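Pasted below: upload-v8.txt, compact mmCIF, C-alpha atoms.
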# COMPACT_ATOMS: atom_id res chain seq x y z
CA MET N 1 91.89 64.43 102.03
CA ARG N 2 90.21 63.58 98.77
CA SER N 3 91.33 65.50 95.69
CA ILE N 4 88.65 67.29 93.66
CA TRP N 5 90.76 68.11 90.59
CA ASN N 6 93.90 66.72 88.99
CA GLY N 7 96.16 68.72 86.70
CA ALA N 8 99.46 70.59 86.67
CA ILE N 9 100.96 73.95 87.51
CA SER N 10 102.49 75.64 84.49
CA PHE N 11 105.48 77.66 85.70
CA GLY N 12 107.14 78.88 82.50
CA LEU N 13 108.47 75.71 80.87
CA VAL N 14 108.24 73.85 84.20
CA SER N 15 105.20 71.59 84.71
CA ILE N 16 104.31 70.43 88.23
CA PRO N 17 101.69 67.63 88.48
CA ILE N 18 99.36 68.48 91.38
CA LYS N 19 96.09 67.52 93.04
CA LEU N 20 93.59 70.11 94.22
CA VAL N 21 92.27 69.57 97.76
CA ASN N 22 89.72 71.64 99.69
CA ALA N 23 91.48 73.66 102.39
CA THR N 24 88.33 74.48 104.38
CA GLU N 25 85.33 72.63 105.74
CA SER N 26 81.98 73.73 107.11
CA HIS N 27 80.93 72.85 110.66
CA SER N 28 77.50 74.46 110.46
CA VAL N 29 74.49 72.47 111.67
CA SER N 30 72.23 71.55 108.75
CA PHE N 31 68.48 70.99 108.95
CA ARG N 32 66.01 68.90 106.95
CA GLN N 33 62.63 70.05 105.80
CA ILE N 34 59.83 68.09 107.43
CA HIS N 35 56.05 67.96 107.40
CA THR N 36 55.04 69.72 110.63
CA GLU N 37 51.93 67.56 111.14
CA ASP N 38 53.58 64.13 111.13
CA GLY N 39 57.36 64.83 110.97
CA GLY N 40 57.77 63.20 107.55
CA ARG N 41 60.73 64.23 105.39
CA ILE N 42 60.11 66.65 102.52
CA ARG N 43 62.20 65.55 99.53
CA TYR N 44 62.86 67.08 96.16
CA ARG N 45 62.64 64.63 93.30
CA LYS N 46 64.20 65.15 89.88
CA VAL N 47 61.45 64.67 87.33
CA CYS N 48 61.67 64.84 83.54
CA GLU N 49 59.09 67.32 82.25
CA LEU N 50 58.53 65.45 78.97
CA GLU N 51 58.08 61.96 80.41
CA ASP N 52 56.69 63.07 83.78
CA ARG N 53 58.77 60.52 85.69
CA GLU N 54 61.62 60.59 88.21
CA VAL N 55 65.08 60.08 86.70
CA SER N 56 68.32 58.84 88.27
CA THR N 57 71.58 60.74 88.52
CA ALA N 58 73.12 58.66 85.72
CA GLU N 59 70.45 59.96 83.33
CA ILE N 60 71.11 63.64 84.08
CA GLY N 61 73.43 65.74 81.92
CA LYS N 62 74.17 69.42 81.23
CA GLY N 63 72.33 71.74 78.87
CA TYR N 64 72.38 75.44 78.00
CA GLU N 65 69.07 77.23 77.64
CA ASP N 66 69.06 79.58 74.66
CA ALA N 67 67.18 82.89 74.55
CA ASP N 68 64.22 81.27 72.79
CA GLY N 69 64.00 78.48 75.38
CA THR N 70 65.80 75.85 73.29
CA ILE N 71 68.03 73.52 75.34
CA ILE N 72 71.46 72.85 73.80
CA PRO N 73 73.03 69.66 75.28
CA ILE N 74 76.65 70.04 76.47
CA THR N 75 78.59 66.86 77.25
CA ASP N 76 81.72 66.36 79.35
CA ASP N 77 83.56 65.52 76.11
CA ASP N 78 82.63 68.95 74.75
CA LEU N 79 84.05 70.63 77.84
CA SER N 80 87.28 68.60 77.74
CA HIS N 81 88.04 69.89 74.23
CA LEU N 82 87.69 73.58 75.04
CA PRO N 83 90.41 75.55 73.18
CA ILE N 84 91.92 77.09 76.34
CA PRO N 85 95.23 76.11 77.98
CA THR N 86 93.74 76.17 81.50
CA ALA N 87 91.43 73.18 80.98
CA ARG N 88 93.77 70.93 83.00
CA THR N 89 96.48 73.42 83.93
CA ILE N 90 96.93 76.10 86.57
CA GLU N 91 98.78 78.61 84.40
CA ILE N 92 100.85 81.16 86.35
CA VAL N 93 100.71 84.50 84.54
CA ALA N 94 102.42 86.89 86.99
CA PHE N 95 104.01 87.40 90.42
CA VAL N 96 102.86 90.39 92.47
CA PRO N 97 103.14 91.64 96.10
CA ALA N 98 100.45 90.20 98.35
CA ASP N 99 99.06 93.64 99.23
CA ARG N 100 98.09 94.14 95.60
CA ILE N 101 95.25 91.64 96.06
CA ASP N 102 91.97 93.16 97.22
CA PRO N 103 90.45 90.99 100.00
CA LEU N 104 87.05 91.49 98.34
CA GLN N 105 88.26 89.23 95.54
CA MET N 106 89.03 86.30 97.87
CA ASP N 107 86.95 83.19 97.26
CA ALA N 108 87.35 79.47 98.10
CA ALA N 109 90.71 78.16 99.34
CA TYR N 110 92.51 74.99 98.20
CA TYR N 111 95.74 73.13 98.93
CA LEU N 112 97.92 72.09 96.01
CA ALA N 113 99.43 68.66 96.69
CA ALA N 114 102.34 67.31 94.64
CA SER N 115 101.18 64.36 92.56
CA GLY N 116 103.88 61.70 92.63
CA VAL N 117 107.61 61.67 93.36
CA PRO N 118 108.70 63.48 90.13
CA ALA N 119 106.60 66.50 91.16
CA ALA N 120 108.41 66.95 94.49
CA LYS N 121 111.46 68.85 93.17
CA PRO N 122 109.64 71.45 91.02
CA TYR N 123 106.99 71.82 93.75
CA VAL N 124 109.61 72.71 96.38
CA LEU N 125 111.36 74.99 93.87
CA LEU N 126 108.19 77.03 93.34
CA ARG N 127 107.48 77.10 97.08
CA GLU N 128 110.95 78.40 97.98
CA ALA N 129 110.88 80.95 95.14
CA LEU N 130 107.60 82.34 96.48
CA LYS N 131 109.06 82.50 100.00
CA ARG N 132 112.22 84.34 98.98
CA SER N 133 110.43 86.85 96.76
CA ASN N 134 107.70 87.68 99.32
CA LYS N 135 105.24 87.63 96.44
CA VAL N 136 102.21 85.64 95.39
CA ALA N 137 101.55 84.03 92.03
CA ILE N 138 98.53 85.01 89.94
CA ALA N 139 97.20 82.08 87.88
CA LYS N 140 94.30 81.11 85.65
CA TYR N 141 92.59 77.72 85.82
CA ALA N 142 89.33 76.04 84.79
CA LEU N 143 87.05 74.40 87.36
CA ARG N 144 83.39 73.39 87.31
CA GLY N 145 82.71 74.60 83.82
CA ARG N 146 84.32 78.01 83.89
CA GLU N 147 87.74 79.67 83.81
CA ARG N 148 88.77 81.21 87.10
CA LEU N 149 91.43 83.45 88.60
CA GLY N 150 93.62 82.24 91.45
CA MET N 151 96.36 83.35 93.83
CA LEU N 152 99.11 80.94 94.95
CA ARG N 153 100.88 81.51 98.26
CA VAL N 154 102.91 79.52 100.77
CA VAL N 155 101.21 78.13 103.89
CA GLY N 156 103.68 76.27 106.09
CA ASP N 157 105.39 73.76 103.80
CA ALA N 158 102.53 73.66 101.30
CA ILE N 159 101.31 75.80 98.45
CA ALA N 160 97.75 77.07 98.81
CA MET N 161 95.57 78.58 96.13
CA HIS N 162 92.81 81.09 96.77
CA GLY N 163 90.16 81.42 94.12
CA LEU N 164 89.74 85.05 93.12
CA LEU N 165 86.78 86.83 91.67
CA TRP N 166 87.38 88.57 88.38
CA PRO N 167 87.76 92.34 88.88
CA ASP N 168 84.46 93.02 87.07
CA GLU N 169 82.66 90.71 89.54
CA VAL N 170 83.38 93.02 92.49
CA ARG N 171 80.78 95.75 92.86
CA ALA N 172 81.77 99.35 93.49
CA PRO N 173 80.64 100.64 96.94
CA GLU N 174 78.25 103.20 95.50
CA GLY N 175 75.58 104.50 97.85
CA VAL N 176 77.00 102.61 100.83
CA ALA N 177 78.85 105.34 102.73
CA PRO N 178 76.81 108.03 104.58
CA ASP N 179 75.89 110.88 102.26
CA THR N 180 75.74 113.48 105.07
CA ASP N 181 78.60 115.71 106.23
CA VAL N 182 80.05 114.35 109.47
CA THR N 183 82.81 116.02 111.49
CA VAL N 184 84.93 113.83 113.74
CA ARG N 185 86.83 115.61 116.51
CA ASP N 186 90.37 114.80 117.53
CA LYS N 187 89.25 113.80 121.04
CA GLU N 188 86.83 111.27 119.56
CA LEU N 189 89.61 109.80 117.43
CA ASP N 190 91.89 109.66 120.49
CA LEU N 191 89.27 107.72 122.43
CA ALA N 192 88.67 105.41 119.46
CA ASP N 193 92.42 104.75 119.28
CA ALA N 194 92.49 104.07 123.02
CA LEU N 195 89.63 101.60 122.64
CA MET N 196 91.43 99.82 119.78
CA ASP N 197 94.63 99.61 121.85
CA THR N 198 92.72 98.31 124.87
CA LEU N 199 90.95 95.57 122.91
CA GLY N 200 94.33 94.71 121.39
CA GLU N 201 94.93 91.63 119.29
CA VAL N 202 93.39 88.17 119.46
CA ASP N 203 94.53 84.69 118.54
CA LEU N 204 92.00 83.51 115.95
CA ALA N 205 92.44 79.96 117.24
CA ASP N 206 90.76 81.06 120.50
CA LEU N 207 87.57 82.11 118.69
CA HIS N 208 84.76 79.59 118.23
CA ASP N 209 81.20 79.41 116.97
CA GLU N 210 79.04 80.05 120.04
CA TYR N 211 75.84 79.92 117.99
CA ARG N 212 76.60 76.37 116.81
CA GLU N 213 77.41 75.25 120.38
CA ALA N 214 74.14 76.68 121.70
CA LEU N 215 72.24 75.06 118.83
CA GLU N 216 73.81 71.67 119.59
CA GLU N 217 72.74 72.03 123.24
CA VAL N 218 69.15 72.67 122.15
CA ILE N 219 69.20 69.62 119.86
CA ALA N 220 70.69 67.41 122.59
CA ALA N 221 68.11 68.59 125.13
CA LYS N 222 65.17 67.92 122.82
CA ALA N 223 66.60 64.53 121.82
CA SER N 224 66.71 63.49 125.50
CA GLY N 225 63.23 64.84 126.19
CA GLU N 226 64.43 67.72 128.32
CA ALA N 227 63.47 71.36 128.10
CA PRO N 228 65.87 73.42 126.00
CA PRO N 229 68.09 75.85 127.92
CA GLU N 230 66.62 79.29 128.50
CA THR N 231 67.93 82.19 126.52
CA PRO N 232 69.55 84.86 128.72
CA ALA N 233 67.77 88.18 128.68
CA PRO N 234 69.50 90.64 126.40
CA ALA N 235 71.16 93.64 127.98
CA ALA N 236 68.94 96.67 128.09
CA GLY N 237 70.13 99.06 125.46
CA GLY N 238 69.39 102.71 125.10
CA LYS N 239 70.09 105.48 122.69
CA VAL N 240 73.67 106.68 122.65
CA LEU N 241 73.29 110.42 122.89
CA ASP N 242 76.93 111.29 123.58
CA LEU N 243 79.55 109.61 121.40
CA MET N 244 82.38 110.71 123.68
CA ALA N 245 80.68 109.21 126.73
CA ALA N 246 80.04 105.97 124.83
CA LEU N 247 83.69 105.72 123.77
CA GLU N 248 84.86 106.52 127.29
CA SER N 249 82.61 103.86 128.80
CA SER N 250 83.78 101.33 126.20
CA VAL N 251 87.43 101.97 127.06
CA ARG N 252 86.68 101.64 130.79
CA ALA N 253 84.74 98.39 130.31
CA ALA N 254 87.43 96.89 128.07
CA ARG N 255 90.17 97.66 130.58
CA GLU N 256 88.14 96.31 133.49
CA SER N 257 87.52 93.07 131.58
CA ARG N 258 91.28 92.67 131.15
CA GLY N 259 91.95 93.43 134.82
CA GLU N 260 93.80 96.64 134.01
CA PRO N 261 93.73 99.76 136.20
CA PRO N 262 91.29 102.54 135.26
CA SER N 263 92.29 104.50 132.20
CA ASP N 264 93.68 108.03 132.43
CA VAL N 265 91.91 108.78 129.16
CA GLU N 266 88.86 109.77 131.16
CA ALA N 267 90.72 112.86 132.38
CA GLU N 268 90.78 114.18 128.85
CA VAL N 269 86.97 114.38 128.78
CA ARG N 270 86.08 116.94 131.44
CA ARG N 271 82.56 117.11 132.76
CA LEU N 272 80.97 120.06 134.57
CA PRO N 273 80.56 119.40 138.34
CA ARG N 274 77.04 119.01 139.61
CA LYS N 275 75.65 121.61 142.02
CA THR N 276 75.27 120.36 145.58
CA ALA N 277 73.53 121.81 148.59
CA ALA N 278 76.86 122.87 150.10
CA THR N 279 77.89 124.86 147.04
CA GLU N 280 74.46 126.47 146.81
CA LYS N 281 74.68 127.67 150.49
CA LYS N 282 78.16 129.07 150.01
CA THR N 283 77.20 131.15 147.00
CA PRO N 284 74.84 133.68 148.75
CA ALA N 285 77.32 134.19 151.57
CA ALA N 286 80.07 134.92 149.13
CA LYS N 287 77.83 137.42 147.35
CA LYS N 288 77.07 139.19 150.66
CA THR N 289 80.75 139.44 151.51
CA ALA N 290 81.52 140.88 148.12
CA THR N 291 78.71 143.39 148.32
CA ALA N 292 79.67 144.35 151.86
CA LYS N 293 83.21 145.14 150.83
CA LYS N 294 82.20 147.33 147.88
CA PRO N 295 80.66 150.28 149.89
CA ALA N 296 83.65 150.36 152.21
CA ALA N 297 85.93 150.68 149.26
CA LYS N 298 83.81 153.48 147.81
CA SER N 299 83.75 155.44 151.12
CA ALA N 300 87.50 155.11 151.47
CA ALA N 301 87.93 156.45 147.98
CA LYS N 302 85.71 159.42 148.75
CA LYS N 303 87.67 160.25 151.95
CA THR N 304 90.95 160.21 150.14
CA ALA N 305 89.58 162.21 147.24
CA LYS N 306 88.34 165.26 149.34
CA PRO N 307 91.69 166.42 150.81
CA THR N 308 93.27 166.22 147.41
CA THR N 309 90.76 168.65 145.89
CA LYS N 310 91.22 171.19 148.77
CA LYS N 311 94.99 171.21 148.43
CA THR N 312 94.70 171.77 144.68
CA ALA N 313 92.34 174.75 145.18
CA SER N 314 94.66 176.42 147.76
CA ARG N 315 97.61 176.06 145.44
CA LYS N 316 95.67 177.77 142.67
CA ARG N 317 94.75 180.71 144.93
CA SER N 318 98.30 181.23 146.06
CA ALA N 319 99.46 181.20 142.48
As structure tokens - that is how I would like this structure written.
Amino acid sequence: MRSIWNGAISFGLVSIPIKLVNATESHSVSFRQIHTEDGGRIRYRKVCELEDREVSTAEIGKGYEDADGTIIPITDDDLSHLPIPTARTIEIVAFVPADRIDPLQMDAAYYLAASGVPAAKPYVLLREALKRSNKVAIAKYALRGRERLGMLRVVGDAIAMHGLLWPDEVRAPEGVAPDTDVTVRDKELDLADALMDTLGEVDLADLHDEYREALEEVIAAKASGEAPPETPAPAAGGKVLDLMAALESSVRAARESRGEPPSDVEAEVRRLPRKTAATEKKTPAAKKTATAKKPAAKSAAKKTAKPTTKKTASRKRSA
């Protein structure tokens, strides 16, 4: 791997010569702009506005445009004499727990390679110190014309550095969350938890870019003169009217895809039974039976009530 920056890590009074290497690479398919009529390439040429001619890369330098439009030339020699200690040094300023770093600040990732044999001992010392402390190092460094913030951590047997955005470069999430009052029921949370448990974890190494693979198939088909593969019809989607039913169906589908037995979570969401012809026929009969029994009960009550009143009257007369 080719180094993109040479310098040193400043660890107190310890200096570790290192090389900065890109830790990531892009596998995305890139396109060229072409003229649709004849397929000719569309190129951008670098032209000097004053001379109205194309210039080579060796003739191009840096310049800062002032507020009034004046261009102030800035040379590489000017940048090398900047009065900051991080011009060629990754200066460690603190050690903090890893959870103190907001993932929103994460930027590009690099590997720090020890430069030469003398750098091996202090490099391993810093690596083992980071391992034992379970912390990450916060550092400042200069790259591509600006001072940056970085986080050093251990990856395997190497030290990696993640570029960090400055705290004032991260926007506050204002106006992003819903501004309406929403009530979430416990049953909905239970089903959401069940869905999360069913989906479980995943090995990131098993994930791949399906869009890039499909795009490569289209390119290969057109290059060989064949028709590109047909796009499968998207699944018909509808409005989700019941969140509980949607969560329940998601849990069921996730478990079926994993070959697991049906979930008992469905029993928690009770649905009203539908009326059938059998239940509708039974209902009138039951009403007739109930109504038939009521008069009999009333007549029995009347029969038992009459003798009681006669006995009470006779007792009063005798008294």
Would you tabulate, counting all atoms listed in the file, all residues of range 22-135 of chain N that have an atom at most 12 Å from an atom of range 166-188 of chain N, showing the closest pair of atoms and their distance in Å to one decimal, sorted by chain then ascending number, as CSV?
residue,atom,partner,partner_atom,distance
N:Ile101,CA,N:Pro167,CA,10.4
N:Asp102,CA,N:Pro167,CA,9.4
N:Pro103,CA,N:Val170,CA,10.5
N:Leu104,CA,N:Val170,CA,7.1
N:Gln105,CA,N:Val170,CA,6.9
N:Met106,CA,N:Trp166,CA,9.9
N:Asp107,CA,N:Trp166,CA,10.4
What are the closest atom pairs, with distances in Å to one decimal, for each residue of range 50-146 of chain N lying within 7 Å of range 1-9 of chain N, using all atoms listed in the file, rows by chain and rising residue number, as CSV?
residue,atom,partner,partner_atom,distance
N:Arg88,CA,N:Gly7,CA,4.9
N:Thr89,CA,N:Ala8,CA,4.9
N:Ile90,CA,N:Ile9,CA,4.7
N:Glu91,CA,N:Ile9,CA,6.0
Legend entry - From N:Leu130, N:Val124, N:Met196, N:Ile71, residue lying nearest Ala98 in chain N [only C-alpha atoms]: N:Leu130
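For the residues N:Gln33, N:Ile16, N:Ala108, N:Ala254, ranking by smallest atom-to-atom distance to Gly200 in chain N using all atoms listed in the file places N:Ala254 first.
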Legend entry - Residue among N:Ile18, N:Ala23, N:Leu189, N:Leu195 lying closest to Tyr110 in chain N, counting only C-alpha atoms: N:Ala23
Take every atom of range 199-202 of chain N listed in the file, fit an axis-aligned box around them, add 3 Å per side, and give the centre and edge lengths in Å to one decimal as JSON.
{"center_x": 92.9, "center_y": 91.9, "center_z": 121.1, "size_x": 10.0, "size_y": 13.4, "size_z": 9.6}
Legend entry - Closest of N:Gly12, N:Tyr111, N:His208, N:Lys62 to Arg144 in chain N - atom-to-atom distances counting only C-alpha atoms: N:Lys62
Legend entry - Distance in Å - CA of Gly259 in chain N versus CA of Asp242 in chain N: 25.9 Å
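Of the listed residues N:Lys121, N:Glu226, N:Val96, N:Val47, the one whose atoms come nearest to Ser133 in chain N is N:Val96, with distances taken using only C-alpha atoms.
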Name the residues, using the chain letters and numbers of the file, that sit within 10 Å of (85.7, 104.8, 124.2) when counting all atoms listed in the file, and give them as a tab-separated table (two decimals) with C-alpha atoms, keeping the file's coordinate frame.
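Written file, out_38.tsv:
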chain	number	residue	atom	x	y	z
N	188	GLU	CA	86.83	111.27	119.56
N	189	LEU	CA	89.61	109.80	117.43
N	190	ASP	CA	91.89	109.66	120.49
N	191	LEU	CA	89.27	107.72	122.43
N	192	ALA	CA	88.67	105.41	119.46
N	193	ASP	CA	92.42	104.75	119.28
N	194	ALA	CA	92.49	104.07	123.02
N	195	LEU	CA	89.63	101.60	122.64
N	196	MET	CA	91.43	99.82	119.78
N	198	THR	CA	92.72	98.31	124.87
N	243	LEU	CA	79.55	109.61	121.40
N	244	MET	CA	82.38	110.71	123.68
N	245	ALA	CA	80.68	109.21	126.73
N	246	ALA	CA	80.04	105.97	124.83
N	247	LEU	CA	83.69	105.72	123.77
N	248	GLU	CA	84.86	106.52	127.29
N	249	SER	CA	82.61	103.86	128.80
N	250	SER	CA	83.78	101.33	126.20
N	251	VAL	CA	87.43	101.97	127.06
N	252	ARG	CA	86.68	101.64	130.79
N	253	ALA	CA	84.74	98.39	130.31
N	254	ALA	CA	87.43	96.89	128.07
N	265	VAL	CA	91.91	108.78	129.16
N	266	GLU	CA	88.86	109.77	131.16
Inset, instruction - Excluding range 146-150 of chain N and residues on its chain fewer than 4 positions from it, collect all residues at most 6 Å away from it, counting all atoms listed in the file, and give them as a list in words. - result: Ile138, Ala139, Lys140, Tyr141, Ala142, His162, Gly163 and Leu164 of chain N
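Separating CA of Met161 in chain N from CA of His27 in chain N is a distance of 21.4 Å.
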Inset, instruction - State, in Å with one decimal place, the distance from CA of Ala160 in chain N to CA of Val117 in chain N. - result: 19.1 Å
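Residues in contact range of Glu217 in chain N, defined as at most 12 Å between all atoms listed in the file, with sequence neighbours fewer than 6 positions away removed, read Val29, Glu210, Tyr211, Ala223, Ser224, Glu226, Ala227, Pro228, Pro229, Glu230 and Thr231 of chain N.
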Cut-off 6 Å around (95.4, 69.6, 97.6) with all atoms listed in the file: residues as a short mmCIF file (atom, residue, chain, number, x, y, z; two decimals) with C-alpha atoms, in the frame of the given file:
data_model
loop_
_atom_site.label_atom_id
_atom_site.label_comp_id
_atom_site.auth_asym_id
_atom_site.auth_seq_id
_atom_site.Cartn_x
_atom_site.Cartn_y
_atom_site.Cartn_z
CA LYS N 19 96.09 67.52 93.04
CA LEU N 20 93.59 70.11 94.22
CA VAL N 21 92.27 69.57 97.76
CA TYR N 111 95.74 73.13 98.93
CA LEU N 112 97.92 72.09 96.01
CA ALA N 113 99.43 68.66 96.69
#
